[in-house]
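Coordinates as given in input_28.cif (mmCIF, C-alpha atoms):
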data_run
loop_
_atom_site.group_PDB
_atom_site.id
_atom_site.type_symbol
_atom_site.label_atom_id
_atom_site.label_comp_id
_atom_site.auth_asym_id
_atom_site.auth_seq_id
_atom_site.Cartn_x
_atom_site.Cartn_y
_atom_site.Cartn_z
ATOM 1 C CA MET A 48 -182.224 -1.651 -73.714
ATOM 2 C CA GLU A 49 -181.271 -3.945 -70.860
ATOM 3 C CA LEU A 50 -177.845 -5.583 -70.571
ATOM 4 C CA VAL A 51 -176.143 -7.764 -68.006
ATOM 5 C CA ILE A 52 -172.380 -8.120 -67.710
ATOM 6 C CA MET A 53 -171.531 -11.204 -65.684
ATOM 7 C CA GLY A 54 -168.473 -11.210 -63.424
ATOM 8 C CA GLN A 55 -167.148 -9.252 -60.457
ATOM 9 C CA PRO A 56 -167.344 -5.543 -61.469
ATOM 10 C CA ARG A 57 -163.960 -3.796 -61.358
ATOM 11 C CA THR A 58 -162.875 -0.170 -61.406
ATOM 12 C CA LYS A 59 -160.377 1.141 -63.907
ATOM 13 C CA LYS A 60 -158.561 3.689 -61.774
ATOM 14 C CA ASN A 61 -157.772 1.706 -58.606
ATOM 15 C CA SER A 62 -154.666 -0.507 -58.427
ATOM 16 C CA SER A 63 -153.135 0.946 -61.577
ATOM 17 C CA ARG A 64 -149.738 -0.271 -62.755
ATOM 18 C CA ILE A 65 -146.787 1.797 -63.941
ATOM 19 C CA ALA A 66 -145.071 0.486 -67.055
ATOM 20 C CA LEU A 67 -142.175 1.677 -69.177
ATOM 21 C CA THR A 68 -142.491 2.232 -72.908
ATOM 22 C CA PRO A 69 -139.635 1.218 -75.247
ATOM 23 C CA ASP A 70 -138.346 4.810 -75.106
ATOM 24 C CA ASN A 71 -138.252 4.664 -71.252
ATOM 25 C CA LYS A 72 -141.326 6.817 -70.616
ATOM 26 C CA ARG A 73 -143.662 5.878 -67.801
ATOM 27 C CA VAL A 74 -147.309 5.144 -68.567
ATOM 28 C CA LEU A 75 -150.164 4.307 -66.235
ATOM 29 C CA LEU A 76 -151.987 1.066 -67.079
ATOM 30 C CA PRO A 77 -155.183 -0.340 -65.568
ATOM 31 C CA SER A 78 -154.873 -3.224 -63.132
ATOM 32 C CA LYS A 79 -154.687 -6.812 -64.388
ATOM 33 C CA ALA A 80 -158.018 -7.530 -62.667
ATOM 34 C CA TYR A 81 -159.703 -4.716 -64.630
ATOM 35 C CA LYS A 82 -158.164 -5.838 -67.933
ATOM 36 C CA ALA A 83 -159.463 -9.386 -67.343
ATOM 37 C CA TYR A 84 -162.938 -8.029 -66.472
ATOM 38 C CA GLU A 85 -162.912 -5.795 -69.554
ATOM 39 C CA ARG A 86 -161.934 -8.708 -71.815
ATOM 40 C CA VAL A 87 -164.808 -10.858 -70.491
ATOM 41 C CA ALA A 88 -167.276 -7.951 -70.730
ATOM 42 C CA LEU A 89 -166.318 -7.169 -74.342
ATOM 43 C CA ILE A 90 -166.976 -10.785 -75.309
ATOM 44 C CA GLN A 91 -170.398 -10.647 -73.639
ATOM 45 C CA LEU A 92 -171.254 -7.366 -75.418
ATOM 46 C CA ALA A 93 -169.998 -8.448 -78.857
ATOM 47 C CA ARG A 94 -173.445 -8.864 -80.431
ATOM 48 C CA VAL A 95 -175.285 -6.038 -78.693
ATOM 49 C CA GLN A 96 -176.921 -3.457 -80.936
ATOM 50 C CA ALA A 97 -175.494 0.069 -80.699
ATOM 51 C CA VAL A 98 -177.389 3.032 -79.234
ATOM 52 C CA HIS A 99 -176.624 6.385 -80.853
ATOM 53 C CA GLY A 100 -176.880 9.869 -79.424
ATOM 54 C CA PRO A 101 -177.494 11.129 -75.905
ATOM 55 C CA ILE A 102 -178.469 8.417 -73.424
ATOM 56 C CA SER A 103 -179.440 7.838 -69.834
ATOM 57 C CA VAL A 104 -177.744 4.916 -68.103
ATOM 58 C CA MET A 105 -178.735 3.100 -64.920
ATOM 59 C CA CYS A 106 -176.324 0.535 -63.485
ATOM 60 C CA ARG A 107 -177.037 -1.813 -60.594
ATOM 61 C CA TYR A 108 -173.918 -3.529 -59.287
ATOM 62 C CA PHE A 109 -174.014 -6.846 -57.448
ATOM 63 C CA LEU A 110 -170.634 -7.607 -55.901
ATOM 64 C CA GLN A 111 -169.210 -10.961 -54.875
ATOM 65 C CA ASN A 112 -168.117 -9.901 -51.369
ATOM 66 C CA ARG A 113 -167.206 -6.912 -49.239
ATOM 67 C CA ALA A 114 -163.462 -7.286 -49.807
ATOM 68 C CA HIS A 115 -161.947 -4.420 -51.811
ATOM 69 C CA TRP A 116 -165.263 -2.534 -51.871
ATOM 70 C CA PRO A 117 -165.122 -0.160 -54.882
ATOM 71 C CA ASP A 118 -166.525 3.341 -55.147
ATOM 72 C CA LEU A 119 -169.602 3.862 -57.318
ATOM 73 C CA VAL A 120 -168.033 6.590 -59.472
ATOM 74 C CA GLY A 121 -165.122 4.310 -60.382
ATOM 75 C CA LEU A 122 -167.524 1.519 -61.313
ATOM 76 C CA LEU A 123 -169.574 3.885 -63.493
ATOM 77 C CA GLN A 124 -166.459 5.158 -65.285
ATOM 78 C CA ALA A 125 -165.262 1.616 -65.969
ATOM 79 C CA THR A 126 -168.686 0.515 -67.228
ATOM 80 C CA SER A 127 -168.942 3.579 -69.499
ATOM 81 C CA ASP A 128 -165.503 2.900 -70.975
ATOM 82 C CA ILE A 129 -166.397 -0.752 -71.592
ATOM 83 C CA LEU A 130 -169.692 0.181 -73.287
ATOM 84 C CA GLN A 131 -167.795 2.593 -75.532
ATOM 85 C CA ALA A 132 -165.042 0.058 -76.327
ATOM 86 C CA ALA A 133 -167.688 -2.548 -77.228
ATOM 87 C CA GLY A 134 -169.405 -0.100 -79.574
ATOM 88 C CA VAL A 135 -172.659 -0.159 -77.606
ATOM 89 C CA ILE A 136 -172.516 3.635 -77.220
ATOM 90 C CA ASP A 137 -170.837 6.187 -79.504
ATOM 91 C CA ASP A 138 -168.962 8.028 -76.798
ATOM 92 C CA ASP A 139 -169.339 8.119 -73.030
ATOM 93 C CA LYS A 140 -169.498 11.919 -73.211
ATOM 94 C CA TYR A 141 -173.084 11.483 -74.506
ATOM 95 C CA ILE A 142 -174.251 9.943 -71.226
ATOM 96 C CA VAL A 143 -176.597 12.585 -69.846
ATOM 97 C CA ASN A 144 -177.198 10.979 -66.455
ATOM 98 C CA TYR A 145 -176.729 7.887 -64.322
ATOM 99 C CA ASP A 146 -180.040 8.219 -62.467
ATOM 100 C CA GLY A 147 -180.746 5.323 -60.150
ATOM 101 C CA SER A 148 -177.273 3.783 -60.390
ATOM 102 C CA MET A 149 -176.163 2.053 -57.213
ATOM 103 C CA ILE A 150 -174.234 -0.738 -55.620
ATOM 104 C CA ALA A 151 -177.340 -2.855 -55.130
ATOM 105 C CA GLY A 152 -175.900 -5.551 -52.935
ATOM 106 C CA LEU A 153 -173.964 -8.768 -52.651
ATOM 107 C CA ASP A 154 -174.443 -11.909 -54.726
ATOM 108 C CA LYS A 155 -171.696 -14.390 -53.967
ATOM 109 C CA ASN A 156 -172.657 -16.842 -56.710
ATOM 110 C CA ASN A 157 -173.636 -14.373 -59.443
ATOM 111 C CA PRO A 158 -171.687 -11.057 -59.336
ATOM 112 C CA ARG A 159 -172.777 -8.792 -62.193
ATOM 113 C CA VAL A 160 -173.817 -5.366 -63.379
ATOM 114 C CA GLU A 161 -177.310 -4.839 -64.731
ATOM 115 C CA ILE A 162 -177.417 -1.940 -67.191
ATOM 116 C CA ILE A 163 -180.480 -0.144 -68.531
ATOM 117 C CA ILE A 164 -179.902 2.318 -71.372
ATOM 118 C CA HIS A 165 -182.553 4.791 -72.525
ATOM 119 C CA GLN A 166 -182.041 6.979 -75.559
ATOM 120 C CA ILE A 167 -182.820 10.656 -74.967
ATOM 121 C CA THR A 168 -184.394 12.414 -77.920
ATOM 122 C CA GLU A 169 -185.399 15.792 -76.504
ATOM 123 C CA ASN A 170 -184.830 18.347 -73.732
ATOM 124 C CA SER A 171 -181.078 17.866 -73.607
ATOM 125 C CA VAL A 172 -178.263 20.155 -74.662
ATOM 126 C CA LEU A 173 -176.395 17.080 -75.871
ATOM 127 C CA CYS A 174 -179.095 16.329 -78.467
ATOM 128 C CA ASP A 175 -178.122 19.443 -80.409
ATOM 129 C CA GLU A 176 -174.407 18.825 -79.877
ATOM 130 C CA TYR A 177 -174.722 15.243 -81.122
ATOM 131 C CA VAL A 178 -176.533 16.353 -84.285
ATOM 132 C CA LYS A 179 -173.871 19.004 -84.963
ATOM 133 C CA ALA A 180 -171.026 16.532 -84.413
ATOM 134 C CA LYS A 181 -172.582 14.025 -86.818
ATOM 135 C CA ALA A 182 -173.142 16.779 -89.396
ATOM 136 C CA ARG A 183 -169.468 17.811 -89.179
ATOM 137 C CA LYS A 184 -168.365 14.220 -89.788
ATOM 138 C CA CYS A 185 -170.611 13.897 -92.842
ATOM 139 C CA ASP A 186 -170.011 17.351 -94.329
ATOM 140 C CA THR A 187 -168.331 16.915 -97.725
ATOM 141 C CA THR A 188 -168.920 20.482 -98.870
ATOM 142 C CA LYS A 189 -165.954 21.935 -97.026
ATOM 143 C CA ARG A 190 -163.132 23.090 -99.262
ATOM 144 C CA ALA A 191 -159.564 22.319 -98.426
ATOM 145 C CA LYS A 192 -157.936 25.194 -96.609
ATOM 146 C CA SER A 193 -155.360 27.147 -98.565
ATOM 147 C CA PRO A 194 -151.915 27.648 -97.031
ATOM 148 C CA ARG A 195 -151.729 30.520 -94.563
ATOM 149 C CA GLY A 196 -150.639 33.831 -95.940
ATOM 150 C CA ALA A 197 -150.864 32.772 -99.576
ATOM 151 C CA THR A 198 -153.341 34.569 -101.761
ATOM 152 C CA ALA A 199 -154.555 33.627 -105.216
ATOM 153 C CA GLY A 200 -151.777 34.190 -107.748
ATOM 154 C CA ALA A 201 -149.113 35.054 -105.165
ATOM 155 C CA LYS A 202 -146.205 32.760 -104.442
ATOM 156 C CA ALA A 203 -146.067 31.356 -100.959
ATOM 157 C CA LYS A 204 -142.892 32.000 -99.035
ATOM 158 C CA PRO A 205 -140.794 28.826 -98.845
ATOM 159 C CA LYS A 206 -140.426 27.267 -95.427
ATOM 160 C CA ALA A 207 -137.002 26.589 -94.026
ATOM 161 C CA PRO A 208 -136.208 22.891 -93.699
ATOM 162 C CA THR A 209 -135.263 21.832 -90.194
ATOM 163 C CA SER A 210 -132.372 19.586 -91.212
ATOM 164 C CA ILE A 211 -130.010 22.354 -92.383
ATOM 165 C CA SER A 212 -128.801 25.536 -90.758
ATOM 166 C CA TYR A 213 -130.387 28.882 -91.459
ATOM 167 C CA LYS A 214 -127.224 30.083 -93.249
ATOM 168 C CA GLU A 215 -127.306 27.088 -95.591
ATOM 169 C CA TYR A 216 -130.968 27.720 -96.236
ATOM 170 C CA ARG A 217 -130.319 31.372 -97.149
ATOM 171 C CA LYS A 218 -127.565 30.288 -99.579
ATOM 172 C CA LEU A 219 -129.994 27.903 -101.288
ATOM 173 C CA ILE A 220 -132.627 30.632 -101.623
ATOM 174 C CA LYS A 221 -130.082 33.024 -103.159
ATOM 175 C CA LYS A 222 -129.136 30.359 -105.718
ATOM 176 C CA GLY A 223 -132.793 30.064 -106.713
ATOM 177 C CA HIS A 224 -133.736 26.785 -105.038
ATOM 178 C CA HIS A 225 -137.268 26.692 -103.732
ATOM 179 C CA THR A 226 -138.518 24.333 -101.035
ATOM 180 C CA PRO A 227 -142.081 23.032 -100.980
#

Now that the file is in, can you turn its structure into structure tokens?
Amino acid sequence: MELVIMGQPRTKKNSSRIALTPDNKRVLLPSKAYKAYERVALIQLARVQAVHGPISVMCRYFLQNRAHWPDLVGLLQATSDILQAAGVIDDDKYIVNYDGSMIAGLDKNNPRVEIIIHQITENSVLCDEYVKAKARKCDTTKRAKSPRGATAGAKAKPKAPTSISYKEYRKLIKKGHHTP
């Protein structure tokens, strides 16, 4: 499968922003330039058919100029995350290799990434892992686990609620109240 994402390729990790959540915790967000690139890429990949299982990916990056020259690993990570977000691949952990990926050159008028995806069907450890993962998702024969420590016919020990003190809990147990 061959894909082309038009636009200046961006990395996800460089130029990150720090933001505060409503409960005043700091979180690391991707740069605004990456978010804009991701938005455009997801629109371009909206109708692309998904590839399932282990894959080999080759990316050729054509950049607009030499300013803010990115590293190849950052570009590959960003592209993998975008392919996963678009639903083109199941999970970027199933990418077996990036053979032949490179920053191919400059194209001032047409910056882009050309992506070639090959499905791998044999001679990979991930083939077996992918089959097992899919089987676990589809397995309906598993029984629900019984509570720990409880055996058939025996009453399970009630758990102490966290909203009252231990002394209050003991009083309730003595009176015969049972908690779920």

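Omitting Val95 (chain A) and its sequence neighbours fewer than 5 positions away, and counting only C-alpha atoms, the residues within 12 Å are Met48, Glu49, Leu50, Val51, Ile52, Ala88, Leu89, Ile90, Leu130, Gln131, Ala133, Gly134, Val135 and Ile136 of chain A.
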
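Nearest to His115 (chain A) of all the residues A:Lys155, A:Arg57, A:Lys79, A:Lys179 is A:Arg57, counting only C-alpha atoms.
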
Fill in the blank from the handout: Across A:Val120, A:Ile167, A:Ala80, A:Met105, the smallest distance to Ser148 (chain A), with only C-alpha atoms counted, is shown by A:Met105

Problem - Answer key for the PyMOL selection byres ((chain A and resi 107) around 8), residues as a PyMOL selection string - result: chain A and resi 105-106+108-109+148-151+160-162

Exercise for the section: Extract, using all atoms listed in the file, all DNA, RNA and protein residues at most 8 Å from Gln55 (chain A), discarding same-chain residues fewer than 3 positions from it, and format them as a list of chain:residue names. Expected result: A:Tyr84, A:Phe109, A:Leu110, A:Gln111, A:Pro158, A:Arg159

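Rounded to one decimal, CA of Gln91 (chain A) and CA of Ile65 (chain A) lie 28.4 Å from each other.
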
Handout entry: Computed interatomic separation between CA of Gly54 (chain A) and CA of Asp139 (chain A) (Å)
Key = 21.6 Å

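Proximity of A:Lys214, A:Thr58, A:Lys181, A:Lys221 to Asp118 (chain A), computed with only C-alpha atoms, is greatest for A:Thr58.
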
Practice task
Find the distance between CA of Leu92 (chain A) and CA of Val74 (chain A) and write it in Å to one decimal.
Solution key: 27.9 Å

Exercise for the section: Report as a list in words the full result of the PyMOL selection byres ((chain A and resi 98) around 9) when it is applied to this structure. Expected result: Met48, Gln96, Ala97, His99, Gly100, Pro101, Ile102, Gly134, Val135, Ile136, Asp137, Ile164, His165 and Gln166 of chain A

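Proximity of A:Pro56, A:Asp146, A:Lys140, A:Ser62 to Thr126 (chain A), computed with only C-alpha atoms, is greatest for A:Pro56.
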